[in-house]
Structure formats: structure tokens, C-alpha cells
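Enquirer: Contents of entry29.cif (mmCIF, C-alpha atoms) are given next:
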```cif
data_query
#
loop_
_atom_site.group_PDB
_atom_site.id
_atom_site.type_symbol
_atom_site.label_atom_id
_atom_site.label_comp_id
_atom_site.auth_asym_id
_atom_site.auth_seq_id
_atom_site.Cartn_x
_atom_site.Cartn_y
_atom_site.Cartn_z
ATOM 1 C CA MET A 275 0.000 0.000 0.000
ATOM 2 C CA SER A 276 2.167 2.827 1.281
ATOM 3 C CA GLN A 277 5.683 3.736 0.215
ATOM 4 C CA LEU A 278 6.369 4.041 3.936
ATOM 5 C CA ASN A 279 7.139 0.799 5.742
ATOM 6 C CA LEU A 280 4.432 0.851 8.430
ATOM 7 C CA ILE A 281 5.125 -1.444 11.370
ATOM 8 C CA SER A 282 2.162 -0.685 13.669
ATOM 9 C CA LYS A 283 -1.436 0.503 13.284
ATOM 10 C CA GLU A 284 -3.808 1.600 16.060
ATOM 11 C CA PRO A 285 -7.457 2.431 15.189
ATOM 12 C CA ILE A 286 -8.903 5.852 16.075
ATOM 13 C CA ASN A 287 -12.632 5.823 16.808
ATOM 14 C CA LYS A 288 -13.369 9.557 16.980
ATOM 15 C CA GLY A 289 -15.254 11.764 14.516
ATOM 16 C CA TRP A 290 -18.308 11.493 12.282
ATOM 17 C CA SER A 291 -16.820 10.580 8.891
ATOM 18 C CA CYS A 292 -17.118 7.187 7.205
ATOM 19 C CA ASP A 293 -13.320 7.015 6.845
ATOM 20 C CA LYS A 294 -11.325 4.481 8.826
ATOM 21 C CA LYS A 295 -8.612 6.275 10.812
ATOM 22 C CA TYR A 296 -5.413 5.009 12.375
ATOM 23 C CA CYS A 297 -2.323 6.114 14.207
ATOM 24 C CA VAL A 298 0.507 4.367 12.347
ATOM 25 C CA THR A 299 4.223 4.122 12.931
ATOM 26 C CA ALA A 300 6.876 3.661 10.244
ATOM 27 C CA ASP A 301 10.019 1.590 10.650
ATOM 28 C CA ASP A 302 12.051 4.747 11.286
ATOM 29 C CA GLY A 303 9.953 5.444 14.399
ATOM 30 C CA VAL A 304 7.975 8.366 12.879
ATOM 31 C CA THR A 305 4.235 8.434 13.679
ATOM 32 C CA TYR A 306 1.613 9.362 11.058
ATOM 33 C CA PHE A 307 -2.150 9.676 10.718
ATOM 34 C CA LEU A 308 -3.699 7.241 8.217
ATOM 35 C CA ARG A 309 -7.155 7.820 6.731
ATOM 36 C CA ILE A 310 -8.797 5.173 4.507
ATOM 37 C CA ALA A 311 -11.917 5.997 2.470
ATOM 38 C CA PRO A 312 -14.122 3.784 0.255
ATOM 39 C CA GLU A 313 -13.260 3.553 -3.466
ATOM 40 C CA GLU A 314 -16.237 5.774 -4.405
ATOM 41 C CA GLU A 315 -14.607 8.643 -2.492
ATOM 42 C CA SER A 316 -11.450 8.384 -4.620
ATOM 43 C CA ALA A 317 -11.897 11.597 -6.655
ATOM 44 C CA ASN A 318 -12.962 13.572 -3.593
ATOM 45 C CA ARG A 319 -10.002 12.410 -1.499
ATOM 46 C CA ALA A 320 -7.539 13.047 -4.359
ATOM 47 C CA GLU A 321 -8.824 16.635 -4.563
ATOM 48 C CA MET A 322 -8.663 16.946 -0.777
ATOM 49 C CA PHE A 323 -5.007 15.861 -0.852
ATOM 50 C CA ARG A 324 -4.201 18.439 -3.562
ATOM 51 C CA MET A 325 -5.931 21.200 -1.608
ATOM 52 C CA MET A 326 -4.060 20.236 1.571
ATOM 53 C CA GLN A 327 -0.793 20.461 -0.383
ATOM 54 C CA GLN A 328 -1.701 24.011 -1.465
ATOM 55 C CA LEU A 329 -2.542 24.986 2.112
ATOM 56 C CA ALA A 330 0.630 23.426 3.513
ATOM 57 C CA ALA A 331 2.637 25.540 1.023
ATOM 58 C CA LEU A 332 1.137 28.631 2.719
ATOM 59 C CA ASP A 333 2.804 27.529 5.964
ATOM 60 C CA ILE A 334 -0.520 27.109 7.785
ATOM 61 C CA SER A 335 -0.259 25.238 11.081
ATOM 62 C CA MET A 336 -2.089 22.053 10.089
ATOM 63 C CA CYS A 337 -1.853 18.296 9.640
ATOM 64 C CA LYS A 338 0.402 18.096 6.568
ATOM 65 C CA PRO A 339 -0.322 15.770 3.628
ATOM 66 C CA VAL A 340 2.366 13.093 3.163
ATOM 67 C CA GLU A 341 1.058 10.491 0.735
ATOM 68 C CA PHE A 342 -2.063 9.561 -1.277
ATOM 69 C CA GLY A 343 -2.764 6.258 -2.974
ATOM 70 C CA LYS A 344 -4.994 3.247 -3.565
ATOM 71 C CA CYS A 345 -5.289 0.219 -1.306
ATOM 72 C CA ASP A 346 -7.450 -2.902 -0.966
ATOM 73 C CA GLN A 347 -10.094 -1.008 1.043
ATOM 74 C CA GLY A 348 -10.274 2.012 -1.281
ATOM 75 C CA VAL A 349 -8.010 5.053 -1.116
ATOM 76 C CA TYR A 350 -5.765 6.323 1.637
ATOM 77 C CA ILE A 351 -4.203 9.568 2.778
ATOM 78 C CA ILE A 352 -1.244 9.697 5.136
ATOM 79 C CA GLU A 353 -0.786 12.919 7.108
ATOM 80 C CA THR A 354 1.691 14.123 9.682
ATOM 81 C CA TRP A 355 0.753 13.123 13.217
ATOM 82 C CA VAL A 356 -0.272 15.987 15.511
ATOM 83 C CA ASP A 357 1.153 15.174 18.925
ATOM 84 C CA GLY A 358 -1.051 17.410 21.038
ATOM 85 C CA ARG A 359 -4.348 17.700 22.885
ATOM 86 C CA ASN A 360 -7.731 18.585 21.447
ATOM 87 C CA ALA A 361 -8.409 22.319 21.776
ATOM 88 C CA GLU A 362 -11.851 21.470 23.209
ATOM 89 C CA GLU A 363 -10.102 20.070 26.286
ATOM 90 C CA VAL A 364 -7.425 22.753 26.576
ATOM 91 C CA ILE A 365 -9.055 26.119 25.748
ATOM 92 C CA PRO A 366 -11.750 26.227 28.489
ATOM 93 C CA ASN A 367 -9.091 25.875 31.205
ATOM 94 C CA LEU A 368 -6.883 28.786 30.063
ATOM 95 C CA THR A 369 -6.843 32.413 31.176
ATOM 96 C CA ASN A 370 -9.051 34.877 29.271
ATOM 97 C CA SER A 371 -5.983 36.386 27.642
ATOM 98 C CA GLU A 372 -4.713 32.984 26.481
ATOM 99 C CA LYS A 373 -8.149 32.022 25.134
ATOM 100 C CA TYR A 374 -8.361 35.256 23.154
ATOM 101 C CA ASP A 375 -4.813 34.910 21.762
ATOM 102 C CA PHE A 376 -5.504 31.360 20.582
ATOM 103 C CA GLY A 377 -8.695 32.673 18.952
ATOM 104 C CA LEU A 378 -6.732 35.379 17.131
ATOM 105 C CA GLU A 379 -4.323 32.697 15.889
ATOM 106 C CA ALA A 380 -7.167 30.484 14.623
ATOM 107 C CA GLY A 381 -8.882 33.438 12.907
ATOM 108 C CA ARG A 382 -5.714 34.448 11.081
ATOM 109 C CA MET A 383 -5.232 30.870 9.893
ATOM 110 C CA LEU A 384 -8.801 30.770 8.618
ATOM 111 C CA LYS A 385 -8.114 33.967 6.658
ATOM 112 C CA ALA A 386 -5.104 32.231 5.073
ATOM 113 C CA ILE A 387 -7.225 29.154 4.249
ATOM 114 C CA HIS A 388 -9.639 31.459 2.430
ATOM 115 C CA SER A 389 -6.843 32.934 0.303
ATOM 116 C CA ILE A 390 -7.304 29.971 -2.071
ATOM 117 C CA SER A 391 -9.990 30.831 -4.632
ATOM 118 C CA ALA A 392 -12.788 28.476 -5.665
ATOM 119 C CA PRO A 393 -12.592 26.898 -9.154
ATOM 120 C CA GLU A 394 -13.876 29.206 -11.891
ATOM 121 C CA ASN A 395 -16.643 26.764 -12.836
ATOM 122 C CA GLN A 396 -18.184 27.025 -9.358
ATOM 123 C CA SER A 397 -21.902 27.796 -9.645
ATOM 124 C CA ASP A 398 -23.349 31.052 -8.340
ATOM 125 C CA TRP A 399 -23.400 31.259 -4.537
ATOM 126 C CA GLU A 400 -26.742 33.050 -4.269
ATOM 127 C CA THR A 401 -28.498 30.297 -6.235
ATOM 128 C CA ARG A 402 -26.718 27.462 -4.433
ATOM 129 C CA PHE A 403 -27.311 28.714 -0.933
ATOM 130 C CA ASN A 404 -30.911 29.732 -1.509
ATOM 131 C CA GLU A 405 -31.587 26.171 -2.660
ATOM 132 C CA LYS A 406 -29.832 24.872 0.446
ATOM 133 C CA MET A 407 -31.911 27.113 2.724
ATOM 134 C CA ASP A 408 -35.137 26.078 0.969
ATOM 135 C CA SER A 409 -34.204 22.442 1.560
ATOM 136 C CA LYS A 410 -33.400 23.058 5.239
ATOM 137 C CA ILE A 411 -36.658 24.923 5.849
ATOM 138 C CA LYS A 412 -38.531 21.976 4.302
ATOM 139 C CA MET A 413 -36.529 19.498 6.423
ATOM 140 C CA TYR A 414 -37.542 21.345 9.569
ATOM 141 C CA LYS A 415 -41.207 21.684 8.570
ATOM 142 C CA ASP A 416 -41.352 17.947 7.771
ATOM 143 C CA CYS A 417 -39.643 17.050 11.056
ATOM 144 C CA PRO A 418 -41.841 15.823 13.964
ATOM 145 C CA ILE A 419 -39.715 17.699 16.530
ATOM 146 C CA LYS A 420 -40.290 21.457 16.785
ATOM 147 C CA PHE A 421 -38.796 24.192 18.968
ATOM 148 C CA ASP A 422 -39.990 27.586 20.186
ATOM 149 C CA GLY A 423 -38.621 30.434 18.099
ATOM 150 C CA ALA A 424 -38.270 28.482 14.845
ATOM 151 C CA GLU A 425 -40.640 30.919 13.119
ATOM 152 C CA ASP A 426 -38.336 33.817 14.089
ATOM 153 C CA ILE A 427 -35.444 31.931 12.490
ATOM 154 C CA ILE A 428 -37.419 31.225 9.306
ATOM 155 C CA ASP A 429 -38.567 34.868 9.140
ATOM 156 C CA TYR A 430 -34.946 36.039 9.458
ATOM 157 C CA ILE A 431 -33.918 33.762 6.579
ATOM 158 C CA GLU A 432 -36.747 34.945 4.336
ATOM 159 C CA SER A 433 -36.041 38.641 4.954
ATOM 160 C CA ASN A 434 -32.264 38.436 4.461
ATOM 161 C CA ARG A 435 -31.789 36.383 1.296
ATOM 162 C CA GLN A 436 -30.518 39.503 -0.517
ATOM 163 C CA LEU A 437 -27.298 39.263 1.551
ATOM 164 C CA LEU A 438 -26.214 36.331 -0.662
ATOM 165 C CA VAL A 439 -25.969 38.418 -3.851
ATOM 166 C CA ASN A 440 -22.510 38.668 -5.518
ATOM 167 C CA LYS A 441 -20.576 36.885 -2.773
ATOM 168 C CA PRO A 442 -17.020 35.754 -3.598
ATOM 169 C CA GLN A 443 -16.175 32.071 -3.250
ATOM 170 C CA THR A 444 -13.062 30.442 -1.820
ATOM 171 C CA PHE A 445 -11.831 27.133 -0.480
ATOM 172 C CA HIS A 446 -13.519 26.047 2.778
ATOM 173 C CA HIS A 447 -12.051 23.805 5.468
ATOM 174 C CA GLY A 448 -15.673 22.643 5.686
ATOM 175 C CA ASP A 449 -15.873 21.949 9.428
ATOM 176 C CA PHE A 450 -13.922 24.758 11.066
ATOM 177 C CA HIS A 451 -14.502 24.718 14.824
ATOM 178 C CA ILE A 452 -12.744 23.989 18.107
ATOM 179 C CA GLY A 453 -13.307 20.217 17.793
ATOM 180 C CA ASN A 454 -11.046 20.164 14.700
ATOM 181 C CA MET A 455 -8.196 22.039 16.348
ATOM 182 C CA MET A 456 -5.326 20.634 18.372
ATOM 183 C CA ILE A 457 -2.900 22.381 20.692
ATOM 184 C CA GLU A 458 0.663 21.225 19.998
ATOM 185 C CA ASN A 459 3.724 23.018 21.436
ATOM 186 C CA ASN A 460 1.431 25.860 22.522
ATOM 187 C CA LYS A 461 0.196 26.441 18.961
ATOM 188 C CA ILE A 462 -3.140 25.712 17.320
ATOM 189 C CA VAL A 463 -3.023 23.056 14.595
ATOM 190 C CA ILE A 464 -5.972 22.672 12.194
ATOM 191 C CA ILE A 465 -6.987 19.069 11.420
ATOM 192 C CA ASP A 466 -9.646 17.088 9.514
ATOM 193 C CA PHE A 467 -10.191 18.587 6.057
ATOM 194 C CA ASN A 468 -12.434 15.770 4.807
ATOM 195 C CA ARG A 469 -15.534 18.012 4.582
ATOM 196 C CA TYR A 470 -13.793 20.648 2.453
ATOM 197 C CA ASP A 471 -15.862 22.534 -0.081
ATOM 198 C CA PHE A 472 -16.058 25.942 -1.792
ATOM 199 C CA GLY A 473 -18.302 28.913 -1.122
ATOM 200 C CA ASP A 474 -18.678 32.293 0.542
ATOM 201 C CA PRO A 475 -15.735 32.420 2.978
ATOM 202 C CA TRP A 476 -17.962 33.905 5.684
ATOM 203 C CA GLU A 477 -20.182 30.812 5.651
ATOM 204 C CA GLU A 478 -17.212 28.985 7.204
ATOM 205 C CA PHE A 479 -18.133 30.680 10.501
ATOM 206 C CA ASN A 480 -21.445 28.808 10.699
ATOM 207 C CA ARG A 481 -19.949 26.297 13.137
ATOM 208 C CA ILE A 482 -18.640 28.952 15.520
ATOM 209 C CA VAL A 483 -21.488 27.994 17.861
ATOM 210 C CA TRP A 484 -19.304 25.059 19.023
ATOM 211 C CA CYS A 485 -16.453 27.469 19.774
ATOM 212 C CA VAL A 486 -18.816 29.771 21.672
ATOM 213 C CA GLN A 487 -20.050 26.917 23.833
ATOM 214 C CA ALA A 488 -16.430 26.113 24.753
ATOM 215 C CA SER A 489 -15.366 29.760 25.213
ATOM 216 C CA PRO A 490 -17.052 32.979 24.016
ATOM 217 C CA ILE A 491 -13.708 34.792 24.386
ATOM 218 C CA PHE A 492 -11.974 32.263 22.122
ATOM 219 C CA ALA A 493 -14.799 32.630 19.553
ATOM 220 C CA SER A 494 -14.531 36.432 19.731
ATOM 221 C CA GLY A 495 -10.788 36.155 19.109
ATOM 222 C CA ILE A 496 -11.386 34.066 15.961
ATOM 223 C CA ILE A 497 -13.547 36.818 14.482
ATOM 224 C CA ASP A 498 -11.195 39.639 15.536
ATOM 225 C CA GLY A 499 -8.188 37.739 14.157
ATOM 226 C CA TYR A 500 -9.921 37.111 10.842
ATOM 227 C CA PHE A 501 -11.014 40.735 10.403
ATOM 228 C CA ASP A 502 -8.018 42.356 12.117
ATOM 229 C CA ASN A 503 -10.414 43.901 14.684
ATOM 230 C CA GLU A 504 -12.532 45.652 12.013
ATOM 231 C CA VAL A 505 -15.666 43.480 11.809
ATOM 232 C CA PRO A 506 -18.193 44.758 9.218
ATOM 233 C CA MET A 507 -21.909 44.794 10.036
ATOM 234 C CA GLU A 508 -22.606 42.874 6.819
ATOM 235 C CA PHE A 509 -20.623 39.969 8.281
ATOM 236 C CA TRP A 510 -22.771 39.843 11.420
ATOM 237 C CA LYS A 511 -25.990 39.814 9.381
ATOM 238 C CA LEU A 512 -24.703 37.033 7.121
ATOM 239 C CA LEU A 513 -23.339 34.999 10.023
ATOM 240 C CA ALA A 514 -26.787 35.110 11.640
ATOM 241 C CA LEU A 515 -28.294 33.914 8.343
ATOM 242 C CA TYR A 516 -25.865 31.007 8.058
ATOM 243 C CA ILE A 517 -26.339 29.986 11.693
ATOM 244 C CA CYS A 518 -30.149 30.151 11.300
ATOM 245 C CA SER A 519 -29.931 27.869 8.274
ATOM 246 C CA ASN A 520 -27.787 25.358 10.161
ATOM 247 C CA ILE A 521 -29.981 25.326 13.255
ATOM 248 C CA LEU A 522 -33.094 24.427 11.272
ATOM 249 C CA SER A 523 -31.537 21.333 9.698
ATOM 250 C CA SER A 524 -29.656 20.234 12.826
ATOM 251 C CA ILE A 525 -32.815 18.914 14.509
ATOM 252 C CA PRO A 526 -33.881 16.476 11.742
ATOM 253 C CA TRP A 527 -30.196 15.537 11.231
ATOM 254 C CA ALA A 528 -29.845 14.596 14.897
ATOM 255 C CA ILE A 529 -32.841 12.236 15.026
ATOM 256 C CA SER A 530 -30.946 9.278 13.555
ATOM 257 C CA TYR A 531 -28.228 9.716 16.212
ATOM 258 C CA GLY A 532 -30.612 9.381 19.155
ATOM 259 C CA GLY A 533 -32.334 11.418 21.834
ATOM 260 C CA SER A 534 -29.241 12.901 23.461
ATOM 261 C CA GLU A 535 -28.032 14.333 20.141
ATOM 262 C CA VAL A 536 -31.499 15.793 19.476
ATOM 263 C CA GLN A 537 -31.423 17.441 22.906
ATOM 264 C CA THR A 538 -27.971 18.883 22.185
ATOM 265 C CA MET A 539 -29.310 20.519 19.036
ATOM 266 C CA LEU A 540 -32.468 21.777 20.762
ATOM 267 C CA ASN A 541 -30.268 23.349 23.432
ATOM 268 C CA GLN A 542 -28.146 24.926 20.712
ATOM 269 C CA ALA A 543 -31.243 26.372 19.026
ATOM 270 C CA GLU A 544 -32.289 27.898 22.354
ATOM 271 C CA ASP A 545 -28.793 29.378 22.796
ATOM 272 C CA VAL A 546 -28.865 30.907 19.307
ATOM 273 C CA LEU A 547 -32.245 32.540 19.903
ATOM 274 C CA ASN A 548 -30.942 33.978 23.180
ATOM 275 C CA TRP A 549 -27.738 35.278 21.576
ATOM 276 C CA TYR A 550 -29.689 37.083 18.867
ATOM 277 C CA ASP A 551 -32.687 38.220 20.978
ATOM 278 C CA ASN A 552 -34.982 36.052 18.853
ATOM 279 C CA MET A 553 -33.233 37.320 15.701
ATOM 280 C CA ARG A 554 -33.836 41.008 16.480
ATOM 281 C CA ASN A 555 -30.123 41.850 16.904
ATOM 282 C CA PRO A 556 -27.542 40.559 14.379
ATOM 283 C CA ILE A 557 -24.606 40.966 16.811
ATOM 284 C CA PRO A 558 -24.664 38.007 19.220
ATOM 285 C CA THR A 559 -24.497 38.667 22.961
ATOM 286 C CA TRP A 560 -21.431 36.424 23.367
ATOM 287 C CA TYR A 561 -19.182 38.626 21.228
ATOM 288 C CA ILE A 562 -16.700 40.554 23.361
ATOM 289 C CA LYS A 563 -15.696 43.745 21.559
ATOM 290 C CA GLU A 564 -12.891 44.865 23.838
ATOM 291 C CA LYS A 565 -9.500 43.246 23.577
ATOM 292 C CA ILE A 566 -8.884 41.043 26.589
#
```
Take the structure in the file and write it out as C-alpha cells.
Expert:
Amino acid sequence: MSQLNLISKEPINKGWSCDKKYCVTADDGVTYFLRIAPEEESANRAEMFRMMQQLAALDISMCKPVEFGKCDQGVYIIETWVDGRNAEEVIPNLTNSEKYDFGLEAGRMLKAIHSISAPENQSDWETRFNEKMDSKIKMYKDCPIKFDGAEDIIDYIESNRQLLVNKPQTFHHGDFHIGNMMIENNKIVIIDFNRYDFGDPWEEFNRIVWCVQASPIFASGIIDGYFDNEVPMEFWKLLALYICSNILSSIPWAISYGGSEVQTMLNQAEDVLNWYDNMRNPIPTWYIKEKI
């Protein structure tokens, strides 16, 4: 399979993807991360590997691509091993200043990730995302589980569709949040690019709710780092739109994962409505404007 001579392989059972993941060691003692995907994911994973190579050339602190190829189980990617702790475990226990500084670092890296443009044949963002929102509204309306405030969220979506007009498109990490960040040698390292896509760079912030729940100060730092402390109002309005869209579909998505996952998403919907005063204020209450 690999050009590396791998002498040990330990399975990793974290994450939501269908890929099989392993911590592997080569005969020279170097540890790597091995990801194996089914054959039908071959084109997607080849593109993912190419995009990771482009990002690594920008000197972004990330899991670096080492090797891509075919194997009996499908296709594989070997990446550098990140010898650190998940940011979800580390960040909440830091001082406010440390949380904010790590957020700044993550935000600046996200800005660098978005420096890679989307392919020229990418279809219009306004059309694509309106279709996505229509689908998510239908998913929620067809779902047996409802939550208070959903109509406020739907109303916000319907009255802010014009924000999607003429948006630029770039590469997306695809799942950018604290759960896909590691702390290694006191630096943030971005991992898990398997949900990469292309679109409005600001949509990438739609998962910031997970960062907020770990640390509002860290989440505030991400935004300040990305915008160099000059956050435009248009961003806040669009972020609210993207978060509203996500919240609606998260409830039906969670049903197949069981009651506890549904409750997590219902709690998140309640948090979002509180942050935005039932969608009356586009700047969320968790955002801390002053530098820590």
C-alpha cells in the first residue's frame, strides 16, 4: 500500500466521517495519521489531498499531507501526526488572555485558508445557498420535533436572502470549529479537512457555535483575528443567516443519532435565539468587543 514501511497501526474511533482512521508508525519510528476511504470517495479524497498540499505551502499550522494512494479497502491519505491535545479540552481551562490569543491565531489561519480561490466553474453562490436554505426549511417543517422560536429563524432567513448576492467564493475547510483544532507546542493546529468545499468564505463561521459553547472569548478572538479587529456589520448579518440555516436542519439531522443528540441541538437552538434576541439583533451577545 504505502511507500512508507508501516510497522504498527492503532485504530482511532473519533469523529463522524465514514473514513477508517489510524495512528501508524513507520520503521524509522515516525508516527503518522492514516485515513482510509471507500473507493467511491477516490476523486474527492484526491482533490482533498491536492488542496491540503496548497494549504501546507502557505505555511498554515495544520496536519500536513504526506502520501495519497490506492489500497485494498479504497483510497488512503497519510498525514503528519499531531502530537497534542484537542483544543476542546485545553481552551476552556486557560486564562481569558490565552483564550483570546488562541482565537486570534485560529482566525488568522482561517483567513489564510480562504486565500485559495474556488474553481472558476463554481456555480453562483446566491443560487446554491438559496436552494440549500429552501431544503433546510422543508426538512424542519417535515420534522416531527419542533422548537420555540423556529418561526423567528425562518422569518430572518426569508427577509435576508438579498445578503447572498454577488458573494465571492473560496476554499472552505468545511468543518472549522474547536473540535477540529489541536494544541501542539502551545500552537493551534488545524486538522480534519475531509468536509472541504467551496463557497462564501464567511459561511465557514457557521460552526462557531461550538467554539462559543467552549469559550465565548476564544470565539470572539477568531472573528477579531480574521477581520483584524474591524468586523463589518454585513458579516454579522450574514453569520446570523448562516447559523439560522444550520440550526433548522440540525434537529432532523440529529434524530438518527438518538435522543441525546437531538437534545444537544435543541439546546443549541435555544442558545442561538438567546444570543440574537430572537433574531432582532444581528450581533450576538457572546461577542466581546474589547481586547482582553
Enquirer: What do you get, as JSON, numbers by chain, if you spell out every residue that the PyMOL selection byres ((chain A and resi 470) around 9) selects here?
Expert: {"A": [322, 325, 445, 446, 447, 448, 449, 466, 467, 468, 469, 471, 472]}
Enquirer: Can you list what the PyMOL selection byres ((chain A and resi 307) around 7) grabs from this structure, as a list in words?
Expert: Tyr296, Cys297, Val298, Tyr306, Leu308, Arg309, Ile352, Glu353, Thr354 and Trp355 of chain A
Enquirer: Tell me, as JSON, numbers by chain, which residues lie within 12 Å of region 388-394 of chain A, counting all atoms listed in the file; anything in the same chain fewer than 5 positions away does not count.
Expert: {"A": [321, 325, 326, 327, 328, 329, 330, 331, 332, 334, 381, 382, 383, 399, 441, 442, 443, 444, 445, 446, 447, 448, 450, 470, 471, 472, 473, 474, 475, 476, 477, 478, 479, 500]}
Enquirer: Considering only C-alpha atoms, return as a list of chain:residue names whatever protein or nucleic-acid residues lie within 9 Å of region 425-428 of chain A, sequence-local ones (same chain, fewer than 4 positions apart) excluded.
Expert: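 Counting only C-alpha atoms, the residues come to A:Ile411, A:Glu432, A:Ser433, A:Leu515, A:Cys518, A:Ser519, A:Ile521, A:Leu522, A:Leu547, A:Asn552, A:Met553, A:Arg554.
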Enquirer: Convert the current residue selection to file output with C-alpha atoms, as a short mmCIF file (atom, residue, chain, number, x, y, z; two decimals), in the frame of the given file.
Expert:
```cif
data_model
loop_
_atom_site.label_atom_id
_atom_site.label_comp_id
_atom_site.auth_asym_id
_atom_site.auth_seq_id
_atom_site.Cartn_x
_atom_site.Cartn_y
_atom_site.Cartn_z
CA ILE A 411 -36.66 24.92 5.85
CA GLU A 432 -36.75 34.94 4.34
CA SER A 433 -36.04 38.64 4.95
CA LEU A 515 -28.29 33.91 8.34
CA CYS A 518 -30.15 30.15 11.30
CA SER A 519 -29.93 27.87 8.27
CA ILE A 521 -29.98 25.33 13.26
CA LEU A 522 -33.09 24.43 11.27
CA LEU A 547 -32.24 32.54 19.90
CA ASN A 552 -34.98 36.05 18.85
CA MET A 553 -33.23 37.32 15.70
CA ARG A 554 -33.84 41.01 16.48
#
```
Enquirer: Could you put an axis-aligned box around every listed atom of region 485-494 of chain A, padded by 5 Å on each side, and send me its centre and edge lengths in Å to one decimal, as JSON?
Expert:
```
{"center_x": -16.0, "center_y": 31.3, "center_z": 22.4, "size_x": 18.1, "size_y": 20.3, "size_z": 15.7}
```
Enquirer: With distances taken over only C-alpha atoms, which of A:Glu405, A:Ile462, A:Arg481, A:Ile310 is nearest to Ile286 (chain A)?
Expert: A:Ile310
Enquirer: For the structure shown, which residues end up in the PyMOL selection byres ((chain A and resi 419) around 9)? Put them as a PyMOL selection string, please?
Expert: chain A and resi 414+416-418+420-421+525-526+529+536
Enquirer: What is the distance, in Å and to one decimal place, between CA of His451 (chain A) and CA of Ile482 (chain A)?
Expert: 6.0 Å
Enquirer: Report, in Å to a single decimal, how far apart CA of Ser494 (chain A) and CA of Ala528 (chain A) are.
Expert: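 We find that CA of Ala528 (chain A) and CA of Ser494 (chain A) lie 27.1 Å from each other.
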Enquirer: Could you check which of A:Asn279, A:Ser335, A:Thr299, A:Gln347 is closest to Met455 (chain A), using all atoms listed in the file?
Expert: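 For Met455 (chain A), the nearest of the candidates is A:Ser335.
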Enquirer: If I take CA of Asn480 (chain A) and CA of Ile517 (chain A), how far is one from the other in Å, to one decimal?
Expert: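 We find that CA of Asn480 (chain A) and CA of Ile517 (chain A) lie 5.1 Å from each other.
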Enquirer: Determine the nearest neighbour of Lys406 (chain A) from the options A:Leu378, A:Ala424, A:Ile431, A:Ile497, counting only C-alpha atoms.
Expert: A:Ile431
Enquirer: Restricting the calculation to only C-alpha atoms, which member of A:Ser371, A:Thr559, A:Ser524, A:Asn318 is positioned closest to Ala543 (chain A)?
Expert: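 Comparing A:Ser371, A:Thr559, A:Ser524, A:Asn318 against Ala543 (chain A), the winner is A:Ser524.
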Enquirer: Counting only C-alpha atoms, which of A:Leu540, A:Leu384, A:Val356, A:Ile351 gets nearest to Met456 (chain A)?
Expert: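 Residue with the minimum atom-to-atom distance to Met456 (chain A): A:Val356.
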Enquirer: Select, from A:Arg319, A:Lys283, A:Lys415, A:Lys385, the residue with the minimum atom-to-atom distance to Thr305 (chain A), counting all atoms listed in the file.
Expert: A:Lys283
Enquirer: Env of Gly303 (chain A): 10 Å cut, atoms = all atoms listed in the file, seq-sep filter 5 positions within chain, self excluded. Answer as a list in words.
Expert: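 My list of contacting residues is Leu280, Ile281, Ser282 and Val298 of chain A.
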Enquirer: May I ask you to restore N, CA, C and O atoms in region 440-451 of chain A and write the result as a PDB file, keeping the file's coordinate frame?
Expert:
```pdb
ATOM      1  N   ASN A 440     -23.889  38.303  -5.118  1.00  0.00           N
ATOM      2  CA  ASN A 440     -22.510  38.668  -5.518  1.00  0.00           C
ATOM      3  C   ASN A 440     -21.453  38.366  -4.464  1.00  0.00           C
ATOM      4  O   ASN A 440     -20.498  39.132  -4.277  1.00  0.00           O
ATOM      5  N   LYS A 441     -21.593  37.252  -3.766  1.00  0.00           N
ATOM      6  CA  LYS A 441     -20.576  36.885  -2.773  1.00  0.00           C
ATOM      7  C   LYS A 441     -19.405  36.169  -3.467  1.00  0.00           C
ATOM      8  O   LYS A 441     -19.614  35.336  -4.348  1.00  0.00           O
ATOM      9  N   PRO A 442     -18.171  36.491  -3.053  1.00  0.00           N
ATOM     10  CA  PRO A 442     -17.020  35.754  -3.598  1.00  0.00           C
ATOM     11  C   PRO A 442     -17.024  34.329  -3.062  1.00  0.00           C
ATOM     12  O   PRO A 442     -17.702  34.035  -2.073  1.00  0.00           O
ATOM     13  N   GLN A 443     -16.263  33.451  -3.725  1.00  0.00           N
ATOM     14  CA  GLN A 443     -16.175  32.071  -3.250  1.00  0.00           C
ATOM     15  C   GLN A 443     -14.709  31.644  -3.145  1.00  0.00           C
ATOM     16  O   GLN A 443     -13.902  31.978  -3.999  1.00  0.00           O
ATOM     17  N   THR A 444     -14.430  30.907  -2.072  1.00  0.00           N
ATOM     18  CA  THR A 444     -13.062  30.442  -1.820  1.00  0.00           C
ATOM     19  C   THR A 444     -13.111  28.983  -1.354  1.00  0.00           C
ATOM     20  O   THR A 444     -14.181  28.401  -1.182  1.00  0.00           O
ATOM     21  N   PHE A 445     -11.937  28.447  -1.116  1.00  0.00           N
ATOM     22  CA  PHE A 445     -11.831  27.133  -0.480  1.00  0.00           C
ATOM     23  C   PHE A 445     -12.361  27.235   0.948  1.00  0.00           C
ATOM     24  O   PHE A 445     -12.170  28.241   1.625  1.00  0.00           O
ATOM     25  N   HIS A 446     -13.045  26.178   1.397  1.00  0.00           N
ATOM     26  CA  HIS A 446     -13.519  26.047   2.778  1.00  0.00           C
ATOM     27  C   HIS A 446     -12.851  24.845   3.442  1.00  0.00           C
ATOM     28  O   HIS A 446     -12.786  23.769   2.812  1.00  0.00           O
ATOM     29  N   HIS A 447     -12.427  24.977   4.673  1.00  0.00           N
ATOM     30  CA  HIS A 447     -12.051  23.805   5.468  1.00  0.00           C
ATOM     31  C   HIS A 447     -13.247  22.856   5.536  1.00  0.00           C
ATOM     32  O   HIS A 447     -13.102  21.647   5.438  1.00  0.00           O
ATOM     33  N   GLY A 448     -14.442  23.421   5.733  1.00  0.00           N
ATOM     34  CA  GLY A 448     -15.673  22.643   5.686  1.00  0.00           C
ATOM     35  C   GLY A 448     -16.239  22.263   7.040  1.00  0.00           C
ATOM     36  O   GLY A 448     -17.420  21.930   7.157  1.00  0.00           O
ATOM     37  N   ASP A 449     -15.401  22.301   8.079  1.00  0.00           N
ATOM     38  CA  ASP A 449     -15.873  21.949   9.428  1.00  0.00           C
ATOM     39  C   ASP A 449     -14.983  22.655  10.448  1.00  0.00           C
ATOM     40  O   ASP A 449     -14.418  22.025  11.339  1.00  0.00           O
ATOM     41  N   PHE A 450     -14.883  23.981  10.292  1.00  0.00           N
ATOM     42  CA  PHE A 450     -13.922  24.758  11.066  1.00  0.00           C
ATOM     43  C   PHE A 450     -14.507  25.124  12.434  1.00  0.00           C
ATOM     44  O   PHE A 450     -15.343  26.004  12.546  1.00  0.00           O
ATOM     45  N   HIS A 451     -14.077  24.403  13.455  1.00  0.00           N
ATOM     46  CA  HIS A 451     -14.502  24.718  14.824  1.00  0.00           C
ATOM     47  C   HIS A 451     -13.512  24.096  15.801  1.00  0.00           C
ATOM     48  O   HIS A 451     -12.591  23.360  15.403  1.00  0.00           O
TER      49      HIS A 451
END
```
